[in-house]
file structure.pdb (PDB, C-alpha atoms)
ATOM      1  CA  MET O 190      -2.239 -13.073  32.609
ATOM      2  CA  ALA O 191       0.482 -15.691  33.146
ATOM      3  CA  SER O 192       2.913 -15.173  36.043
ATOM      4  CA  ARG O 193       6.677 -15.641  35.708
ATOM      5  CA  ASP O 194       6.377 -19.118  37.223
ATOM      6  CA  GLN O 195       3.732 -20.290  34.790
ATOM      7  CA  ALA O 196       4.363 -21.780  31.374
ATOM      8  CA  PRO O 197       3.857 -19.265  28.550
ATOM      9  CA  PRO O 198       0.434 -19.479  26.913
ATOM     10  CA  GLN O 199       0.124 -21.706  23.865
ATOM     11  CA  PHE O 200      -1.047 -20.206  20.599
ATOM     12  CA  GLN O 201      -4.629 -21.037  19.591
ATOM     13  CA  TYR O 202      -5.975 -19.435  16.445
ATOM     14  CA  GLU O 203      -9.563 -19.075  17.644
ATOM     15  CA  GLU O 204      -8.508 -17.431  20.894
ATOM     16  CA  ALA O 205      -5.863 -15.215  19.287
ATOM     17  CA  PHE O 206      -8.378 -13.616  16.944
ATOM     18  CA  SER O 207     -11.505 -13.879  19.093
ATOM     19  CA  ARG O 208     -11.656 -10.082  19.509
ATOM     20  CA  ASN O 209     -12.277  -9.767  15.777
ATOM     21  CA  LEU O 210     -15.637 -11.500  16.283
ATOM     22  CA  GLY O 211     -18.528  -9.112  16.089
ATOM     23  CA  TRP O 212     -16.992  -7.246  13.179
ATOM     24  CA  VAL O 213     -16.631 -10.622  11.469
ATOM     25  CA  THR O 214     -18.605 -13.800  12.128
ATOM     26  CA  PRO O 215     -16.905 -17.018  13.326
ATOM     27  CA  ASP O 216     -17.368 -18.459   9.823
ATOM     28  CA  GLU O 217     -15.813 -15.365   8.245
ATOM     29  CA  GLN O 218     -12.855 -15.572  10.608
ATOM     30  CA  GLN O 219     -12.246 -19.138   9.480
ATOM     31  CA  ALA O 220     -12.568 -17.983   5.868
ATOM     32  CA  LEU O 221      -9.836 -15.402   6.462
ATOM     33  CA  ARG O 222      -7.680 -18.168   7.911
ATOM     34  CA  GLY O 223      -7.783 -19.863   4.520
ATOM     35  CA  LYS O 224      -6.976 -16.795   2.403
ATOM     36  CA  ARG O 225      -3.652 -15.927   0.772
ATOM     37  CA  ILE O 226      -2.530 -12.327   0.183
ATOM     38  CA  ALA O 227       0.466 -11.112  -1.812
ATOM     39  CA  ILE O 228       2.213  -7.928  -0.688
ATOM     40  CA  ALA O 229       5.055  -6.463  -2.741
ATOM     41  CA  GLY O 230       7.228  -4.108  -0.703
ATOM     42  CA  MET O 231       7.864  -4.425   3.031
ATOM     43  CA  GLY O 232       8.758  -0.794   3.700
ATOM     44  CA  GLY O 233       6.660   2.180   4.801
ATOM     45  CA  VAL O 234       3.270   0.703   4.013
ATOM     46  CA  GLY O 235       3.970  -2.916   3.065
ATOM     47  CA  GLY O 236       5.376  -3.918   6.447
ATOM     48  CA  VAL O 237       2.470  -2.488   8.409
ATOM     49  CA  HIS O 238       0.032  -3.958   5.857
ATOM     50  CA  LEU O 239       1.455  -7.390   6.634
ATOM     51  CA  LEU O 240       1.232  -6.963  10.406
ATOM     52  CA  THR O 241      -2.299  -5.553  10.251
ATOM     53  CA  LEU O 242      -3.538  -8.376   8.026
ATOM     54  CA  ALA O 243      -1.765 -10.948  10.198
ATOM     55  CA  ARG O 244      -3.656  -9.568  13.227
ATOM     56  CA  LEU O 245      -6.848  -9.901  11.194
ATOM     57  CA  GLY O 246      -6.121 -13.626  11.051
ATOM     58  CA  VAL O 247      -5.300 -14.002   7.350
ATOM     59  CA  GLY O 248      -3.573 -17.351   7.109
ATOM     60  CA  ALA O 249      -1.085 -17.076   4.241
ATOM     61  CA  PHE O 250       1.081 -14.463   2.554
ATOM     62  CA  HIS O 251       3.551 -13.986  -0.244
ATOM     63  CA  VAL O 252       5.852 -11.073   0.653
ATOM     64  CA  ALA O 253       8.533  -9.498  -1.526
ATOM     65  CA  ASP O 254      11.310  -6.952  -1.023
ATOM     66  CA  PHE O 255      15.010  -6.844  -1.961
ATOM     67  CA  ASP O 256      15.984  -4.000   0.378
ATOM     68  CA  CYS O 257      17.472  -3.804   3.879
ATOM     69  CA  TYR O 258      16.621  -1.357   6.664
ATOM     70  CA  ASP O 259      18.512   1.938   6.799
ATOM     71  CA  ILE O 260      18.433   5.043   8.997
ATOM     72  CA  PRO O 261      15.991   7.086   6.814
ATOM     73  CA  ASN O 262      13.395   4.300   7.317
ATOM     74  CA  LEU O 263      13.035   5.068  11.036
ATOM     75  CA  ASN O 264      10.457   7.841  10.581
ATOM     76  CA  ARG O 265       7.732   5.578   9.192
ATOM     77  CA  GLN O 266       8.513   1.862   8.673
ATOM     78  CA  ALA O 267       6.869  -0.528  11.136
ATOM     79  CA  ALA O 268       9.835  -2.899  11.450
ATOM     80  CA  ALA O 269      12.589  -0.263  11.303
ATOM     81  CA  PHE O 270      14.518  -0.096  14.581
ATOM     82  CA  MET O 271      18.172   0.463  15.347
ATOM     83  CA  SER O 272      18.289  -3.273  16.092
ATOM     84  CA  THR O 273      17.113  -4.103  12.535
ATOM     85  CA  MET O 274      19.457  -1.786  10.611
ATOM     86  CA  GLY O 275      21.082  -3.650   7.728
ATOM     87  CA  LEU O 276      18.708  -6.613   7.965
ATOM     88  CA  PRO O 277      16.503  -7.699   5.037
ATOM     89  CA  LYS O 278      13.092  -6.083   5.272
ATOM     90  CA  VAL O 279      11.276  -9.161   4.021
ATOM     91  CA  SER O 280      12.741 -11.493   6.666
ATOM     92  CA  VAL O 281      12.252  -9.051   9.561
ATOM     93  CA  ALA O 282       8.626  -8.352   8.654
ATOM     94  CA  ALA O 283       7.924 -12.058   8.129
ATOM     95  CA  ARG O 284       9.423 -12.870  11.524
ATOM     96  CA  MET O 285       7.154 -10.295  13.177
ATOM     97  CA  ALA O 286       4.096 -11.753  11.430
ATOM     98  CA  ARG O 287       5.041 -15.260  12.610
ATOM     99  CA  ASP O 288       5.381 -13.876  16.118
ATOM    100  CA  ILE O 289       1.720 -12.810  15.866
ATOM    101  CA  ASN O 290       0.539 -16.077  14.327
ATOM    102  CA  PRO O 291       2.994 -18.998  14.486
ATOM    103  CA  GLU O 292       0.740 -20.950  12.133
ATOM    104  CA  VAL O 293       0.862 -18.372   9.341
ATOM    105  CA  ASP O 294       2.197 -19.584   5.989
ATOM    106  CA  ILE O 295       4.594 -16.982   4.575
ATOM    107  CA  ARG O 296       6.610 -17.290   1.381
ATOM    108  CA  GLU O 297       9.451 -14.787   1.227
ATOM    109  CA  PHE O 298      10.665 -13.336  -2.075
ATOM    110  CA  GLY O 299      13.943 -11.747  -1.042
ATOM    111  CA  ASP O 300      14.827 -10.594  -4.558
ATOM    112  CA  GLY O 301      11.694  -8.474  -4.825
ATOM    113  CA  VAL O 302       9.229  -8.972  -7.663
ATOM    114  CA  ASN O 303      10.629  -9.344 -11.156
ATOM    115  CA  ALA O 304       9.786 -10.899 -14.507
ATOM    116  CA  GLY O 305      11.341 -14.188 -13.414
ATOM    117  CA  ASN O 306       9.219 -14.697 -10.293
ATOM    118  CA  VAL O 307       6.027 -12.659 -10.686
ATOM    119  CA  ALA O 308       4.005 -15.694 -11.781
ATOM    120  CA  ASP O 309       5.132 -17.602  -8.689
ATOM    121  CA  PHE O 310       4.576 -14.548  -6.495
ATOM    122  CA  LEU O 311       0.909 -14.342  -7.555
ATOM    123  CA  GLN O 312       0.254 -18.098  -7.676
ATOM    124  CA  GLY O 313      -2.830 -19.029  -5.641
ATOM    125  CA  VAL O 314      -3.288 -15.475  -4.345
ATOM    126  CA  ASP O 315      -6.767 -14.184  -3.438
ATOM    127  CA  VAL O 316      -5.878 -10.477  -3.414
ATOM    128  CA  TYR O 317      -2.832  -8.326  -4.048
ATOM    129  CA  VAL O 318      -2.004  -5.445  -1.670
ATOM    130  CA  ASP O 319       0.438  -2.876  -3.040
ATOM    131  CA  GLY O 320       3.278  -1.909  -0.697
ATOM    132  CA  LEU O 321       5.853  -0.956  -3.323
ATOM    133  CA  ASP O 322       7.987   2.156  -3.109
ATOM    134  CA  PHE O 323       6.541   5.152  -4.977
ATOM    135  CA  TYR O 324       9.320   4.932  -7.584
ATOM    136  CA  ALA O 325       9.113   1.162  -8.225
ATOM    137  CA  PHE O 326       7.756   1.746 -11.715
ATOM    138  CA  GLU O 327       8.881  -1.462 -13.434
ATOM    139  CA  ALA O 328       7.775  -3.769 -10.614
ATOM    140  CA  ARG O 329       4.442  -1.990 -10.241
ATOM    141  CA  GLN O 330       3.584  -2.214 -13.942
ATOM    142  CA  LEU O 331       4.635  -5.861 -13.956
ATOM    143  CA  VAL O 332       2.523  -6.880 -10.963
ATOM    144  CA  TYR O 333      -0.597  -4.976 -11.967
ATOM    145  CA  GLY O 334      -0.359  -6.309 -15.507
ATOM    146  CA  HIS O 335      -0.271  -9.876 -14.189
ATOM    147  CA  CYS O 336      -3.108  -9.176 -11.733
ATOM    148  CA  ALA O 337      -5.273  -7.902 -14.591
ATOM    149  CA  ALA O 338      -4.432 -10.904 -16.772
ATOM    150  CA  ARG O 339      -5.170 -13.395 -13.971
ATOM    151  CA  GLY O 340      -8.278 -11.669 -12.592
ATOM    152  CA  ILE O 341      -6.671 -10.993  -9.202
ATOM    153  CA  PRO O 342      -8.204  -8.043  -7.313
ATOM    154  CA  ALA O 343      -5.682  -5.438  -6.180
ATOM    155  CA  THR O 344      -5.884  -2.669  -3.616
ATOM    156  CA  MET O 345      -3.570   0.310  -3.231
ATOM    157  CA  ALA O 346      -3.474   2.663  -0.238
ATOM    158  CA  ALA O 347      -0.883   5.406  -0.637
ATOM    159  CA  PRO O 348       0.427   7.660   2.162
ATOM    160  CA  LEU O 349       0.118  11.322   1.231
ATOM    161  CA  GLY O 350       1.011  13.881   3.863
ATOM    162  CA  MET O 351      -0.868  12.987   7.035
ATOM    163  CA  GLY O 352      -3.509  11.019   5.195
ATOM    164  CA  ALA O 353      -4.025   8.268   2.662
ATOM    165  CA  SER O 354      -5.609   7.718  -0.726
ATOM    166  CA  CYS O 355      -7.085   4.468  -2.002
ATOM    167  CA  LEU O 356      -7.644   2.927  -5.406
ATOM    168  CA  ASN O 357      -8.924  -0.577  -6.123
ATOM    169  CA  PHE O 358      -8.361  -2.381  -9.403
ATOM    170  CA  LEU O 359     -10.877  -5.197  -9.698
ATOM    171  CA  PRO O 360     -11.407  -7.911 -12.321
ATOM    172  CA  GLY O 361     -13.564  -6.660 -15.184
ATOM    173  CA  LYS O 362     -13.105  -3.019 -14.164
ATOM    174  CA  MET O 363     -10.632  -0.324 -15.191
ATOM    175  CA  SER O 364      -7.029  -1.536 -15.084
ATOM    176  CA  PHE O 365      -4.005   0.146 -13.532
ATOM    177  CA  GLU O 366      -2.584   0.971 -16.966
ATOM    178  CA  ASP O 367      -5.880   2.365 -18.267
ATOM    179  CA  TYR O 368      -6.119   4.624 -15.224
ATOM    180  CA  PHE O 369      -2.531   5.905 -14.910
ATOM    181  CA  GLN O 370      -1.568   5.826 -18.619
ATOM    182  CA  TRP O 371       2.095   4.963 -18.039
ATOM    183  CA  GLY O 372       2.998   3.006 -21.149
ATOM    184  CA  ASP O 373       6.671   3.453 -22.025
ATOM    185  CA  LEU O 374       6.944   7.021 -20.771
ATOM    186  CA  PRO O 375      10.096   8.304 -19.023
ATOM    187  CA  GLU O 376      10.268   7.696 -15.277
ATOM    188  CA  VAL O 377       9.712  11.334 -14.312
ATOM    189  CA  GLU O 378       6.474  11.391 -16.339
ATOM    190  CA  LYS O 379       5.363   8.146 -14.701
ATOM    191  CA  ALA O 380       6.062   9.722 -11.318
ATOM    192  CA  LEU O 381       3.944  12.750 -12.218
ATOM    193  CA  ARG O 382       1.060  10.627 -13.429
ATOM    194  CA  PHE O 383       1.260   8.418 -10.375
ATOM    195  CA  LEU O 384       1.320  11.351  -7.961
ATOM    196  CA  VAL O 385      -1.634  13.093  -9.600
ATOM    197  CA  GLY O 386      -3.625   9.928 -10.244
ATOM    198  CA  LEU O 387      -3.298   8.637  -6.687
ATOM    199  CA  ALA O 388      -5.294  11.494  -5.162
ATOM    200  CA  PRO O 389      -7.219  13.705  -7.566
ATOM    201  CA  ALA O 390      -8.664  15.630  -4.596
ATOM    202  CA  GLY O 391      -5.164  16.715  -3.538
ATOM    203  CA  LEU O 392      -6.145  17.237   0.110
ATOM    204  CA  HIS O 393      -2.516  17.056   1.236
ATOM    205  CA  ARG O 394      -1.150  19.807  -0.993
ATOM    206  CA  SER O 395      -2.322  22.787   1.073
ATOM    207  CA  TYR O 396      -0.019  22.013   4.015
ATOM    208  CA  LEU O 397       3.159  21.202   2.107
ATOM    209  CA  VAL O 398       5.188  23.766   4.037
ATOM    210  CA  TRP O 399       8.594  23.030   2.468
ATOM    211  CA  PRO O 400       7.940  22.308  -1.246
ATOM    212  CA  GLN O 401      11.607  21.858  -2.093
ATOM    213  CA  GLY O 402      11.306  18.554  -0.219
ATOM    214  CA  VAL O 403       9.563  17.211  -3.337
ATOM    215  CA  ASP O 404      11.580  16.627  -6.493
ATOM    216  CA  LEU O 405      10.295  13.796  -8.642
ATOM    217  CA  ALA O 406      13.273  13.911 -10.982
ATOM    218  CA  GLN O 407      15.573  13.266  -8.005
ATOM    219  CA  ARG O 408      13.216  10.649  -6.516
ATOM    220  CA  ARG O 409      12.779  12.767  -3.419
ATOM    221  CA  GLY O 410       9.617  13.189  -1.358
ATOM    222  CA  PRO O 411       8.508  13.510   2.277
ATOM    223  CA  SER O 412       6.589  10.946   4.325
ATOM    224  CA  THR O 413       4.970  10.524   7.740
ATOM    225  CA  SER O 414       4.294   7.544   9.971
ATOM    226  CA  MET O 415       0.700   8.785  10.337
ATOM    227  CA  GLY O 416       0.098   8.364   6.626
ATOM    228  CA  CYS O 417       1.548   4.850   6.625
ATOM    229  CA  GLN O 418      -0.529   3.755   9.622
ATOM    230  CA  LEU O 419      -3.711   5.116   8.043
ATOM    231  CA  CYS O 420      -2.874   3.248   4.838
ATOM    232  CA  ALA O 421      -2.731  -0.059   6.704
ATOM    233  CA  GLY O 422      -6.195   0.406   8.158
ATOM    234  CA  ILE O 423      -7.606   1.315   4.766
ATOM    235  CA  ALA O 424      -5.862  -1.445   2.806
ATOM    236  CA  ALA O 425      -6.804  -4.128   5.329
ATOM    237  CA  SER O 426     -10.431  -2.960   5.339
ATOM    238  CA  GLN O 427     -10.581  -3.051   1.539
ATOM    239  CA  ALA O 428      -8.945  -6.485   1.500
ATOM    240  CA  LEU O 429     -11.450  -7.785   4.051
ATOM    241  CA  LYS O 430     -14.384  -6.586   1.949
ATOM    242  CA  ILE O 431     -12.911  -8.148  -1.175
ATOM    243  CA  LEU O 432     -12.024 -11.457   0.493
ATOM    244  CA  LEU O 433     -15.369 -11.861   2.265
ATOM    245  CA  ARG O 434     -17.433 -10.297  -0.525
ATOM    246  CA  ARG O 435     -18.999  -7.926   1.976
ATOM    247  CA  GLY O 436     -20.364  -4.609   0.810
ATOM    248  CA  ALA O 437     -19.587  -2.433  -2.176
ATOM    249  CA  VAL O 438     -15.953  -1.863  -3.095
ATOM    250  CA  LEU O 439     -15.147   1.271  -5.071
ATOM    251  CA  ALA O 440     -13.147   0.419  -8.176
ATOM    252  CA  ALA O 441     -11.109   2.736 -10.400
ATOM    253  CA  PRO O 442     -11.888   5.241 -11.832
ATOM    254  CA  TRP O 443     -13.527   5.751  -8.412
ATOM    255  CA  GLY O 444     -11.225   6.385  -5.469
ATOM    256  CA  PHE O 445     -11.096   8.196  -2.155
ATOM    257  CA  GLN O 446      -8.708  10.203  -0.008
ATOM    258  CA  TYR O 447      -8.843  10.771   3.745
ATOM    259  CA  ASP O 448      -6.677  13.435   5.356
ATOM    260  CA  ALA O 449      -6.358  13.421   9.147
ATOM    261  CA  TYR O 450      -4.615  16.809   9.213
ATOM    262  CA  ARG O 451      -7.490  18.519   7.423
ATOM    263  CA  ASP O 452     -10.240  16.282   8.862
ATOM    264  CA  LYS O 453     -11.608  15.655   5.385
ATOM    265  CA  MET O 454     -12.540  12.741   3.189
ATOM    266  CA  VAL O 455     -13.358  13.038  -0.509
ATOM    267  CA  THR O 456     -14.578  10.424  -2.975
ATOM    268  CA  THR O 457     -13.345  11.034  -6.512
ATOM    269  CA  TRP O 458     -14.413   9.857  -9.964
ATOM    270  CA  ARG O 459     -12.091  10.306 -12.907
ATOM    271  CA  PRO O 460     -13.450   8.489 -15.975
ATOM    272  CA  GLY O 461     -10.542   8.010 -18.333
ATOM    273  CA  GLY O 462      -8.095   8.235 -15.425
ATOM    274  CA  ASN O 463      -5.251  10.590 -16.290
ATOM    275  CA  ARG O 464      -6.894  11.363 -19.626
ATOM    276  CA  HIS O 465      -9.609  13.272 -17.753
ATOM    277  CA  PRO O 466      -9.423  17.075 -18.346
ATOM    278  CA  LEU O 467      -9.040  17.817 -14.626
ATOM    279  CA  GLN O 468      -6.172  15.367 -14.424
ATOM    280  CA  ARG O 469      -4.447  17.032 -17.368
ATOM    281  CA  LEU O 470      -4.613  20.371 -15.555
ATOM    282  CA  ALA O 471      -3.243  18.786 -12.385
ATOM    283  CA  LEU O 472      -0.396  17.206 -14.355
ATOM    284  CA  ALA O 473       0.569  20.573 -15.815
ATOM    285  CA  PHE O 474       0.637  22.064 -12.299
ATOM    286  CA  ALA O 475       2.789  19.198 -10.979
ATOM    287  CA  ARG O 476       5.280  19.532 -13.830
ATOM    288  CA  ARG O 477       5.839  23.185 -12.949
ATOM    289  CA  HIS O 478       6.258  22.679  -9.207
ATOM    290  CA  PHE O 479       7.607  19.187  -8.496
ATOM    291  CA  VAL O 480      10.179  18.506 -11.212
ATOM    292  CA  GLY O 481      13.607  20.082 -10.739
ATOM    293  CA  ASN O 482      12.404  21.859  -7.599
ATOM    294  CA  THR O 483      14.453  24.771  -6.272
ATOM    295  CA  PRO O 484      14.304  26.642  -2.947
ATOM    296  CA  ASP O 485      12.212  29.289  -4.713
ATOM    297  CA  ALA O 486       9.494  26.818  -5.744
ATOM    298  CA  ARG O 487       6.007  27.427  -4.399
ATOM    299  CA  PRO O 488       3.031  25.027  -4.094
TER     300      PRO O 488
END

call {"tool": "encode", "arguments": {"input": "structure.pdb", "output": "structure tokens"}}
result
Amino acid sequence: MASRDQAPPQFQYEEAFSRNLGWVTPDEQQALRGKRIAIAGMGGVGGVHLLTLARLGVGAFHVADFDCYDIPNLNRQAAAFMSTMGLPKVSVAARMARDINPEVDIREFGDGVNAGNVADFLQGVDVYVDGLDFYAFEARQLVYGHCAARGIPATMAAPLGMGASCLNFLPGKMSFEDYFQWGDLPEVEKALRFLVGLAPAGLHRSYLVWPQGVDLAQRRGPSTSMGCQLCAGIAASQALKILLRRGAVLAAPWGFQYDAYRDKMVTTWRPGGNRHPLQRLALAFARRHFVGNTPDARP
């Protein structure tokens, strides 16, 4: 440890990420140094995804978000502090990643992802990690459609209660649209299909103690920092496996959900995605309880 009288230590990539060795080989660490990951959304999960992957030693990122930090972000977002209120999420998160690795190459997309920049956003990318807000329907369809067309693997880890669910959409496998069946449906129906499709096991539902906190029509839902932190570990682990081609990676219609509150993990298989009979039943349940919620609603 340097004393106050000594010059601050100089950054060296190999030393900075030497504690990764053992779980990755030296050659794999250098491979990660040469990889580029795109992350859309720098909020609850996207910001901590970026920081986790930066600490893994990934060398380049494309990051996108049009929003600025606000008070309701404090309960879960990695870069949300009173000192960052009103600042652009994308620039704050990028600054934190550069403070971990000054050599990291980060392209910032401060207007978010849209039809005019999605091609540039995904240019040269090895894997896409989804950090978009739950209700970012247009951007999510746009990005996943381009990933499917370009053969870019994509991983999604969603915070649900005090746990996380994971779905991977890999080249040659089931696509995002085939799984969720969004099409041109109204936003509230997309929200229902997204909520149900994310975690068919529904491990989080049993401890929803205040159900009126969920109203998909009003774009309202609860969150926890625990869920977001768990998502980062899952998404980074999936990205590592994809980037290094190490081990089997479950692809949709396979998925899994881990819930730290219930101490459970379940692997799910829903051929046909939201067309599956069990998913149709779950959608009917969600329509009754999570659209136009009132104080009398029950889970």

call {"tool": "residues_around", "arguments": {"input": "structure.pdb", "residues": "Gly301 in chain O", "least_positions_apart": "4", "cutoff": "10 Å", "atoms": "all atoms listed in the file", "output": "mmCIF file with C-alpha atoms, in the coordinates of the input"}}
result
data_model
loop_
_atom_site.group_PDB
_atom_site.id
_atom_site.type_symbol
_atom_site.label_atom_id
_atom_site.label_comp_id
_atom_site.auth_asym_id
_atom_site.auth_seq_id
_atom_site.Cartn_x
_atom_site.Cartn_y
_atom_site.Cartn_z
ATOM 1 C CA ALA O 229 5.055 -6.463 -2.741
ATOM 2 C CA GLY O 230 7.228 -4.108 -0.703
ATOM 3 C CA MET O 231 7.864 -4.425 3.031
ATOM 4 C CA VAL O 252 5.852 -11.073 0.653
ATOM 5 C CA ALA O 253 8.533 -9.498 -1.526
ATOM 6 C CA ASP O 254 11.310 -6.952 -1.023
ATOM 7 C CA PHE O 255 15.010 -6.844 -1.961
ATOM 8 C CA ASP O 256 15.984 -4.000 0.378
ATOM 9 C CA VAL O 279 11.276 -9.161 4.021
ATOM 10 C CA GLU O 297 9.451 -14.787 1.227
ATOM 11 C CA ASN O 306 9.219 -14.697 -10.293
ATOM 12 C CA VAL O 307 6.027 -12.659 -10.686
ATOM 13 C CA PHE O 310 4.576 -14.548 -6.495
ATOM 14 C CA LEU O 321 5.853 -0.956 -3.323
ATOM 15 C CA ALA O 328 7.775 -3.769 -10.614
#

call {"tool": "resolve_selection", "arguments": {"input": "structure.pdb", "expression": "the PyMOL selection byres ((chain O and resi 205-210) around 12)", "output": "JSON, numbers by chain"}}
result
{"O": [198, 199, 200, 201, 202, 203, 204, 211, 212, 213, 214, 215, 216, 217, 218, 219, 221, 222, 242, 243, 244, 245, 246, 247, 248, 288, 289, 290, 291, 292, 429]}

call {"tool": "closest_residue", "arguments": {"input": "structure.pdb", "among": "O:His335, O:Arg469, O:Arg476, O:Arg296", "to": "Val377 in chain O", "atoms": "only C-alpha atoms"}}
result
O:Arg476

call {"tool": "atom_distance", "arguments": {"input": "structure.pdb", "atom1": "CA of Ala390 in chain O", "atom2": "CA of Asp373 in chain O"}}
result
26.2 Å

call {"tool": "atom_distance", "arguments": {"input": "structure.pdb", "atom1": "CA of Ala227 in chain O", "atom2": "CA of Ala346 in chain O"}}
result
14.4 Å

call {"tool": "build_atoms", "arguments": {"input": "structure.pdb", "residues": "range 440-451 of chain O", "atoms": "N, CA, C and O atoms", "output": "short mmCIF file (atom, residue, chain, number, x, y, z; two decimals), keeping the file's coordinate frame"}}
result
data_model
loop_
_atom_site.label_atom_id
_atom_site.label_comp_id
_atom_site.auth_asym_id
_atom_site.auth_seq_id
_atom_site.Cartn_x
_atom_site.Cartn_y
_atom_site.Cartn_z
N ALA O 440 -14.19 0.82 -7.24
CA ALA O 440 -13.15 0.42 -8.18
C ALA O 440 -12.81 1.59 -9.08
O ALA O 440 -13.68 2.41 -9.41
N ALA O 441 -11.53 1.69 -9.48
CA ALA O 441 -11.11 2.74 -10.40
C ALA O 441 -12.02 2.70 -11.64
O ALA O 441 -12.38 1.63 -12.10
N PRO O 442 -12.44 3.91 -12.10
CA PRO O 442 -11.89 5.24 -11.83
C PRO O 442 -12.40 5.92 -10.56
O PRO O 442 -12.12 7.11 -10.35
N TRP O 443 -13.15 5.21 -9.72
CA TRP O 443 -13.53 5.75 -8.41
C TRP O 443 -12.37 5.57 -7.44
O TRP O 443 -11.62 4.60 -7.51
N GLY O 444 -12.23 6.49 -6.52
CA GLY O 444 -11.22 6.38 -5.47
C GLY O 444 -11.61 7.29 -4.31
O GLY O 444 -12.63 7.99 -4.37
N PHE O 445 -10.82 7.27 -3.26
CA PHE O 445 -11.10 8.20 -2.15
C PHE O 445 -9.81 8.57 -1.45
O PHE O 445 -8.80 7.87 -1.53
N GLN O 446 -9.83 9.72 -0.79
CA GLN O 446 -8.71 10.20 -0.01
C GLN O 446 -9.22 10.71 1.33
O GLN O 446 -10.20 11.45 1.39
N TYR O 447 -8.55 10.26 2.40
CA TYR O 447 -8.84 10.77 3.74
C TYR O 447 -7.61 11.48 4.26
O TYR O 447 -6.49 10.95 4.17
N ASP O 448 -7.79 12.68 4.81
CA ASP O 448 -6.68 13.44 5.36
C ASP O 448 -6.96 13.78 6.80
O ASP O 448 -7.89 14.53 7.12
N ALA O 449 -6.15 13.21 7.71
CA ALA O 449 -6.36 13.42 9.15
C ALA O 449 -5.96 14.83 9.57
O ALA O 449 -6.49 15.35 10.56
N TYR O 450 -5.04 15.45 8.87
CA TYR O 450 -4.62 16.81 9.21
C TYR O 450 -5.74 17.80 8.93
O TYR O 450 -6.00 18.71 9.72
N ARG O 451 -6.42 17.60 7.82
CA ARG O 451 -7.49 18.52 7.42
C ARG O 451 -8.87 18.04 7.84
O ARG O 451 -9.87 18.73 7.61
#
